[in-house]
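Colleague: Please find upload39.cif (mmCIF, C-alpha atoms) on the next line:
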data_input
#
loop_
_atom_site.group_PDB
_atom_site.id
_atom_site.type_symbol
_atom_site.label_atom_id
_atom_site.label_comp_id
_atom_site.auth_asym_id
_atom_site.auth_seq_id
_atom_site.Cartn_x
_atom_site.Cartn_y
_atom_site.Cartn_z
ATOM 1 C CA MET A 1 129.396 263.164 175.666
ATOM 2 C CA ASP A 2 128.735 265.456 172.705
ATOM 3 C CA VAL A 3 131.672 267.095 170.913
ATOM 4 C CA ARG A 4 130.837 268.992 167.739
ATOM 5 C CA ILE A 5 132.844 271.023 165.231
ATOM 6 C CA LEU A 6 130.767 273.543 163.295
ATOM 7 C CA ASP A 7 131.743 275.835 160.426
ATOM 8 C CA HIS A 8 130.623 279.419 161.077
ATOM 9 C CA ARG A 9 132.484 280.952 158.137
ATOM 10 C CA THR A 10 130.699 282.807 155.371
ATOM 11 C CA PRO A 11 131.634 282.025 151.748
ATOM 12 C CA GLU A 12 133.687 285.218 151.739
ATOM 13 C CA GLU A 13 135.601 284.105 154.831
ATOM 14 C CA ARG A 14 136.698 280.736 153.454
ATOM 15 C CA ASP A 15 139.782 282.255 151.879
ATOM 16 C CA ARG A 16 140.488 284.560 154.822
ATOM 17 C CA SER A 17 144.000 284.103 156.155
ATOM 18 C CA PHE A 18 144.956 283.675 159.804
ATOM 19 C CA LEU A 19 148.071 283.191 161.889
ATOM 20 C CA PRO A 20 148.109 279.739 163.545
ATOM 21 C CA GLY A 21 148.523 279.588 167.303
ATOM 22 C CA ALA A 22 151.963 278.003 166.962
ATOM 23 C CA GLY A 23 153.017 280.568 164.365
ATOM 24 C CA LYS A 24 153.293 277.974 161.575
ATOM 25 C CA THR A 25 150.949 275.139 160.679
ATOM 26 C CA TRP A 26 153.620 272.437 160.878
ATOM 27 C CA LEU A 27 154.343 273.370 164.518
ATOM 28 C CA LEU A 28 150.834 272.484 165.732
ATOM 29 C CA PRO A 29 151.778 268.951 166.937
ATOM 30 C CA PHE A 30 154.293 270.563 169.293
ATOM 31 C CA TYR A 31 152.056 273.405 170.499
ATOM 32 C CA ASP A 32 150.778 271.747 173.666
ATOM 33 C CA LEU A 33 154.259 270.439 174.493
ATOM 34 C CA PHE A 34 155.688 273.971 174.289
ATOM 35 C CA SER A 35 152.786 275.332 176.322
ATOM 36 C CA ARG A 36 153.336 272.837 179.104
ATOM 37 C CA ALA A 37 157.093 273.341 179.078
ATOM 38 C CA VAL A 38 156.818 277.093 179.657
ATOM 39 C CA GLY A 39 153.988 276.980 182.192
ATOM 40 C CA VAL A 40 151.156 278.427 180.116
ATOM 41 C CA ARG A 41 148.728 276.252 182.064
ATOM 42 C CA ALA A 42 149.156 278.602 185.022
ATOM 43 C CA LEU A 43 148.010 281.505 182.833
ATOM 44 C CA HIS A 44 144.915 279.617 181.767
ATOM 45 C CA GLU A 45 144.078 278.634 185.329
ATOM 46 C CA ARG A 46 144.495 282.237 186.457
ATOM 47 C CA ALA A 47 142.285 283.520 183.627
ATOM 48 C CA ALA A 48 139.632 280.909 184.453
ATOM 49 C CA GLY A 49 139.727 281.932 188.099
ATOM 50 C CA LEU A 50 139.378 285.614 187.246
ATOM 51 C CA ALA A 51 136.435 284.914 184.947
ATOM 52 C CA GLY A 52 134.524 283.386 187.850
ATOM 53 C CA VAL A 53 132.143 281.347 185.700
ATOM 54 C CA GLU A 54 129.119 280.003 187.610
ATOM 55 C CA PRO A 55 127.159 276.763 187.080
ATOM 56 C CA GLY A 56 125.077 276.734 183.907
ATOM 57 C CA GLN A 57 126.573 279.921 182.480
ATOM 58 C CA THR A 58 127.419 280.157 178.788
ATOM 59 C CA VAL A 59 130.991 280.958 177.768
ATOM 60 C CA ALA A 60 132.705 281.620 174.439
ATOM 61 C CA ASP A 61 136.466 281.062 174.273
ATOM 62 C CA VAL A 62 137.633 283.241 171.385
ATOM 63 C CA GLY A 63 140.818 281.985 169.764
ATOM 64 C CA CYS A 64 140.511 278.697 171.632
ATOM 65 C CA GLY A 65 143.208 276.891 169.629
ATOM 66 C CA THR A 66 143.651 273.376 171.009
ATOM 67 C CA GLY A 67 141.264 274.128 173.869
ATOM 68 C CA ASN A 68 143.568 274.713 176.821
ATOM 69 C CA LEU A 69 141.745 277.753 178.247
ATOM 70 C CA THR A 70 138.416 276.052 177.546
ATOM 71 C CA PHE A 71 139.487 273.034 179.588
ATOM 72 C CA ALA A 72 140.756 275.274 182.396
ATOM 73 C CA VAL A 73 137.344 276.961 182.579
ATOM 74 C CA LEU A 74 135.599 273.579 182.630
ATOM 75 C CA ALA A 75 137.968 272.326 185.334
ATOM 76 C CA ALA A 76 137.064 275.352 187.449
ATOM 77 C CA GLN A 77 133.341 275.067 186.652
ATOM 78 C CA PRO A 78 132.296 271.703 185.135
ATOM 79 C CA ALA A 79 128.661 272.822 184.832
ATOM 80 C CA ALA A 80 129.490 275.669 182.431
ATOM 81 C CA LYS A 81 128.457 275.560 178.772
ATOM 82 C CA LEU A 82 131.489 276.208 176.575
ATOM 83 C CA THR A 83 131.892 277.116 172.920
ATOM 84 C CA GLY A 84 135.382 277.388 171.471
ATOM 85 C CA LEU A 85 135.982 279.600 168.429
ATOM 86 C CA ASP A 86 139.073 279.450 166.225
ATOM 87 C CA PRO A 87 139.885 279.781 162.492
ATOM 88 C CA ASP A 88 142.319 276.839 162.520
ATOM 89 C CA PRO A 89 140.537 273.554 161.672
ATOM 90 C CA ASP A 90 143.531 271.436 162.695
ATOM 91 C CA ALA A 91 143.642 273.040 166.142
ATOM 92 C CA LEU A 92 139.896 272.487 166.537
ATOM 93 C CA ARG A 93 140.224 268.810 165.632
ATOM 94 C CA LYS A 94 142.939 268.456 168.243
ATOM 95 C CA ALA A 95 140.744 270.209 170.814
ATOM 96 C CA ALA A 96 137.908 267.826 169.928
ATOM 97 C CA ARG A 97 140.119 264.764 170.481
ATOM 98 C CA LYS A 98 141.200 266.124 173.855
ATOM 99 C CA ALA A 99 137.567 266.806 174.842
ATOM 100 C CA ARG A 100 136.517 263.272 173.926
ATOM 101 C CA ARG A 101 139.358 261.793 175.977
ATOM 102 C CA ARG A 102 138.143 263.872 178.921
ATOM 103 C CA GLY A 103 134.517 262.857 178.400
ATOM 104 C CA LEU A 104 133.384 266.478 177.990
ATOM 105 C CA ASP A 105 130.507 268.091 176.141
ATOM 106 C CA LEU A 106 131.905 270.821 173.923
ATOM 107 C CA THR A 107 130.979 272.833 170.854
ATOM 108 C CA LEU A 108 133.865 273.983 168.666
ATOM 109 C CA VAL A 109 133.349 276.477 165.870
ATOM 110 C CA GLN A 110 135.586 277.370 162.947
ATOM 111 C CA GLY A 111 135.384 281.111 162.507
ATOM 112 C CA PHE A 112 136.913 284.458 163.341
ATOM 113 C CA ALA A 113 137.076 286.658 166.417
ATOM 114 C CA ASP A 114 135.126 289.486 164.807
ATOM 115 C CA ARG A 115 132.077 287.227 164.297
ATOM 116 C CA ILE A 116 131.283 285.393 167.519
ATOM 117 C CA PRO A 117 128.769 282.539 166.986
ATOM 118 C CA ALA A 118 126.170 283.632 169.522
ATOM 119 C CA ASP A 119 122.845 285.460 169.500
ATOM 120 C CA ASP A 120 122.597 288.996 170.833
ATOM 121 C CA GLY A 121 122.799 289.085 174.632
ATOM 122 C CA SER A 122 123.084 285.294 174.924
ATOM 123 C CA LEU A 123 126.485 284.854 176.603
ATOM 124 C CA ASP A 124 127.481 285.222 180.242
ATOM 125 C CA HIS A 125 131.224 285.299 179.574
ATOM 126 C CA VAL A 126 133.683 285.821 176.748
ATOM 127 C CA VAL A 127 137.223 284.651 177.479
ATOM 128 C CA SER A 128 140.416 284.734 175.429
ATOM 129 C CA SER A 129 144.036 283.859 176.056
ATOM 130 C CA LEU A 130 147.090 284.621 173.888
ATOM 131 C CA ALA A 131 144.922 285.154 170.816
ATOM 132 C CA LEU A 132 144.232 288.855 170.239
ATOM 133 C CA HIS A 133 147.840 289.627 169.334
ATOM 134 C CA HIS A 134 147.390 287.284 166.363
ATOM 135 C CA ILE A 135 144.892 289.592 164.667
ATOM 136 C CA ASP A 136 145.172 293.109 163.311
ATOM 137 C CA GLU A 137 143.710 296.278 164.781
ATOM 138 C CA GLU A 138 140.536 296.058 162.724
ATOM 139 C CA GLY A 139 140.002 292.465 163.830
ATOM 140 C CA ARG A 140 140.543 293.364 167.494
ATOM 141 C CA SER A 141 138.050 296.209 167.244
ATOM 142 C CA GLY A 142 135.599 293.814 165.626
ATOM 143 C CA PHE A 143 136.138 291.343 168.461
ATOM 144 C CA ALA A 144 135.376 294.000 171.094
ATOM 145 C CA ARG A 145 132.167 295.035 169.323
ATOM 146 C CA GLU A 146 131.112 291.403 168.942
ATOM 147 C CA ALA A 147 131.764 290.657 172.604
ATOM 148 C CA MET A 148 129.589 293.645 173.519
ATOM 149 C CA ARG A 149 126.830 292.402 171.220
ATOM 150 C CA ALA A 150 126.894 288.768 172.314
ATOM 151 C CA LEU A 151 127.129 289.315 176.083
ATOM 152 C CA ARG A 152 124.047 289.849 178.196
ATOM 153 C CA PRO A 153 123.904 292.982 180.370
ATOM 154 C CA GLY A 154 126.219 292.294 183.282
ATOM 155 C CA GLY A 155 128.156 289.714 181.271
ATOM 156 C CA GLN A 156 131.927 289.813 181.475
ATOM 157 C CA VAL A 157 134.923 289.542 179.190
ATOM 158 C CA THR A 158 138.239 288.229 180.534
ATOM 159 C CA ILE A 159 141.388 288.431 178.419
ATOM 160 C CA ALA A 160 144.985 287.319 178.972
ATOM 161 C CA ASP A 161 147.450 288.586 176.387
ATOM 162 C CA PHE A 162 150.791 290.254 175.820
ATOM 163 C CA SER A 163 151.358 293.670 177.346
ATOM 164 C CA GLY A 164 154.929 294.098 176.149
ATOM 165 C CA PRO A 165 158.196 292.372 177.056
ATOM 166 C CA SER A 166 159.710 292.912 180.497
ATOM 167 C CA SER A 167 163.349 292.226 179.620
ATOM 168 C CA ASP A 168 165.671 291.943 176.625
ATOM 169 C CA ALA A 169 165.422 288.149 176.701
ATOM 170 C CA GLU A 170 161.630 288.314 176.813
ATOM 171 C CA ASP A 171 161.688 290.856 174.004
ATOM 172 C CA ALA A 172 163.541 288.397 171.786
ATOM 173 C CA GLY A 173 161.193 285.547 172.609
ATOM 174 C CA HIS A 174 158.085 287.677 172.180
ATOM 175 C CA SER A 175 159.285 289.105 168.870
ATOM 176 C CA ALA A 176 159.665 285.597 167.460
ATOM 177 C CA HIS A 177 156.176 284.732 168.674
ATOM 178 C CA ALA A 178 154.503 287.827 167.302
ATOM 179 C CA HIS A 179 155.963 287.216 163.853
ATOM 180 C CA GLY A 180 155.060 283.541 163.749
ATOM 181 C CA GLY A 181 158.567 282.271 164.242
ATOM 182 C CA GLY A 182 158.349 280.516 167.564
ATOM 183 C CA GLY A 183 154.788 279.827 168.617
ATOM 184 C CA HIS A 184 153.321 280.346 172.052
ATOM 185 C CA GLY A 185 155.859 279.787 174.716
ATOM 186 C CA ARG A 186 159.056 279.535 172.729
ATOM 187 C CA GLY A 187 161.295 281.524 175.025
ATOM 188 C CA ARG A 188 164.913 281.519 176.053
ATOM 189 C CA GLY A 189 166.667 280.031 179.038
ATOM 190 C CA HIS A 190 166.000 276.911 181.058
ATOM 191 C CA GLY A 191 163.760 275.734 183.849
ATOM 192 C CA ARG A 192 160.182 276.780 184.599
ATOM 193 C CA PRO A 193 159.178 280.338 183.783
ATOM 194 C CA HIS A 194 158.568 282.762 186.590
ATOM 195 C CA LEU A 195 154.896 283.536 187.097
ATOM 196 C CA ARG A 196 154.271 286.690 189.092
ATOM 197 C CA LEU A 197 150.792 288.145 189.487
ATOM 198 C CA ARG A 198 150.652 291.818 190.354
ATOM 199 C CA ARG A 199 148.000 294.284 191.351
ATOM 200 C CA SER A 200 146.151 296.274 188.721
ATOM 201 C CA ARG A 201 148.094 298.942 186.906
ATOM 202 C CA PRO A 202 147.018 301.980 184.847
ATOM 203 C CA ALA A 203 145.092 301.157 181.707
ATOM 204 C CA HIS A 204 147.360 303.076 179.352
ATOM 205 C CA VAL A 205 150.221 300.594 179.784
ATOM 206 C CA VAL A 206 148.145 297.604 178.665
ATOM 207 C CA ASP A 207 148.825 296.769 175.027
ATOM 208 C CA VAL A 208 148.868 293.750 172.764
ATOM 209 C CA ALA A 209 151.674 292.416 170.580
ATOM 210 C CA GLY A 210 154.457 294.253 172.362
ATOM 211 C CA GLY A 211 153.177 297.745 171.647
ATOM 212 C CA HIS A 212 151.411 297.221 168.298
ATOM 213 C CA GLY A 213 147.735 298.186 168.093
ATOM 214 C CA GLU A 214 145.428 299.604 170.725
ATOM 215 C CA GLY A 215 145.619 298.665 174.375
ATOM 216 C CA ILE A 216 143.146 296.024 175.469
ATOM 217 C CA VAL A 217 141.598 298.258 178.114
ATOM 218 C CA THR A 218 141.173 301.098 175.625
ATOM 219 C CA LEU A 219 139.796 298.648 173.074
ATOM 220 C CA LEU A 220 137.082 297.426 175.438
ATOM 221 C CA THR A 221 136.275 300.879 176.782
ATOM 222 C CA GLU A 222 135.789 302.275 173.288
ATOM 223 C CA ALA A 223 133.454 299.366 172.496
ATOM 224 C CA GLY A 224 131.253 300.449 175.407
ATOM 225 C CA PHE A 225 132.321 298.148 178.241
ATOM 226 C CA ASP A 226 132.199 299.353 181.840
ATOM 227 C CA ASP A 227 135.052 299.164 184.308
ATOM 228 C CA ALA A 228 137.618 297.764 181.870
ATOM 229 C CA ARG A 229 140.842 297.330 183.818
ATOM 230 C CA ALA A 230 143.976 295.269 184.213
ATOM 231 C CA VAL A 231 143.504 292.888 187.141
ATOM 232 C CA GLY A 232 146.839 291.070 187.139
ATOM 233 C CA GLU A 233 150.162 290.475 185.438
ATOM 234 C CA ALA A 234 152.430 287.528 184.791
ATOM 235 C CA ASP A 235 156.078 287.783 183.760
ATOM 236 C CA MET A 236 156.929 284.830 181.547
ATOM 237 C CA ARG A 237 160.125 284.068 179.635
ATOM 238 C CA PHE A 238 158.351 284.825 176.376
ATOM 239 C CA GLY A 239 156.863 288.146 177.496
ATOM 240 C CA ARG A 240 154.701 289.938 180.009
ATOM 241 C CA ILE A 241 151.069 288.906 180.139
ATOM 242 C CA THR A 242 148.303 291.177 181.395
ATOM 243 C CA PHE A 243 144.893 289.963 182.555
ATOM 244 C CA VAL A 244 142.030 292.324 181.700
ATOM 245 C CA ARG A 245 138.391 292.210 182.767
ATOM 246 C CA ALA A 246 135.408 294.303 181.736
ATOM 247 C CA THR A 247 131.635 294.225 182.161
ATOM 248 C CA ARG A 248 128.885 294.825 179.640
ATOM 249 C CA PRO A 249 126.563 297.575 180.936
#
Here is the file; what I need is its structure written in the form of structure tokens.
Modeller:
Amino acid sequence: MDVRILDHRTPEERDRSFLPGAGKTWLLPFYDLFSRAVGVRALHERAAGLAGVEPGQTVADVGCGTGNLTFAVLAAQPAAKLTGLDPDPDALRKAARKARRRGLDLTLVQGFADRIPADDGSLDHVVSSLALHHIDEEGRSGFAREAMRALRPGGQVTIADFSGPSSDAEDAGHSAHAHGGGGHGRGRGHGRPHLRLRRSRPAHVVDVAGGHGEGIVTLLTEAGFDDARAVGEADMRFGRITFVRATRP
């Protein structure tokens, strides 16, 4: 078992701000509890299944947080080689503890989405879940360019993120999340959220952060990816999630 946390930040990036996955730093201890309570695990499992990682392939989980998508990918393909990237050192330490309890080999890197820690053309997959809406338009564009650079020809990117609320209740929950007030999965109502996967829909309706910034499909297409498209949807209490895939030519 080898679990490492590396610091990929430049001196200029050490004072760079970021929005924690739970919205506020003090909410981190409750992040995984909220995620489980609202069924986010199903989103991660779906994203891992759509990625279709094969044995021995290299994967970067951008915005990995406490590692939940990373662990879903490893559950689906234990022979994959995973690197998790996130700016939050506390979340990375929590991910490392979880990896050690599971007996996993894992590299975790403190850094930002617009500088992926990988050589040119060295990755088979880039995955991300509920992370891109945390960064601004410039950062998302930087992420798309970096994914294009780091992936080998034929490599794939798989993203699960907000595509806008699907009801007034979801709008309220998503608004709190997007502004750091509630963290992932702080919705309204009771019981398990409803997960509904749909067929692909037109690219122009895919957007992050409830309509702020460029659509994910457009983002990837403009970065040079082939066949960027929405491949599924999930309606959760805290908002509508769209799954997007694209291939590096």
Colleague: Ranking A:Ser141, A:Ser122, A:Thr10, A:Thr83 by minimum distance to Val109 (chain A) and counting only C-alpha atoms, which one comes first?
Modeller: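 Ranked by minimum distance to Val109 (chain A), first place goes to A:Thr83.
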Colleague: Step by step, work through what the PyMOL selection byres ((chain A and resi 50-61) around 7) selects in the shown file, and finish by giving those residues as a ChimeraX atom specification.
Modeller: /A:46-49,62-64,70,77,79-85,123-128,158
Colleague: I'd like the contact shell of region 89-100 of chain A - 6 Å cut-off, all atoms listed in the file, skipping same-chain residues fewer than 5 positions apart - returned as a ChimeraX atom specification.
Modeller: /A:65-67
Colleague: Which one is closest to Glu233 (chain A): A:Leu69, A:Leu74, A:Ala42, A:Leu27? Count only C-alpha atoms.
Modeller: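 That would be A:Ala42, the residue with the smallest distance to Glu233 (chain A).
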Colleague: Identify which of the residues A:Asp136, A:Gly154, A:Asp161, A:Thr107 lies closest to Asp235 (chain A), counting only C-alpha atoms when measuring atom-to-atom distances.
Modeller: A:Asp161
Colleague: How far is it from CA of Arg41 (chain A) to CA of Asn68 (chain A), in Å with one decimal?
Modeller: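 Here the two named atoms are 7.5 Å from each other.
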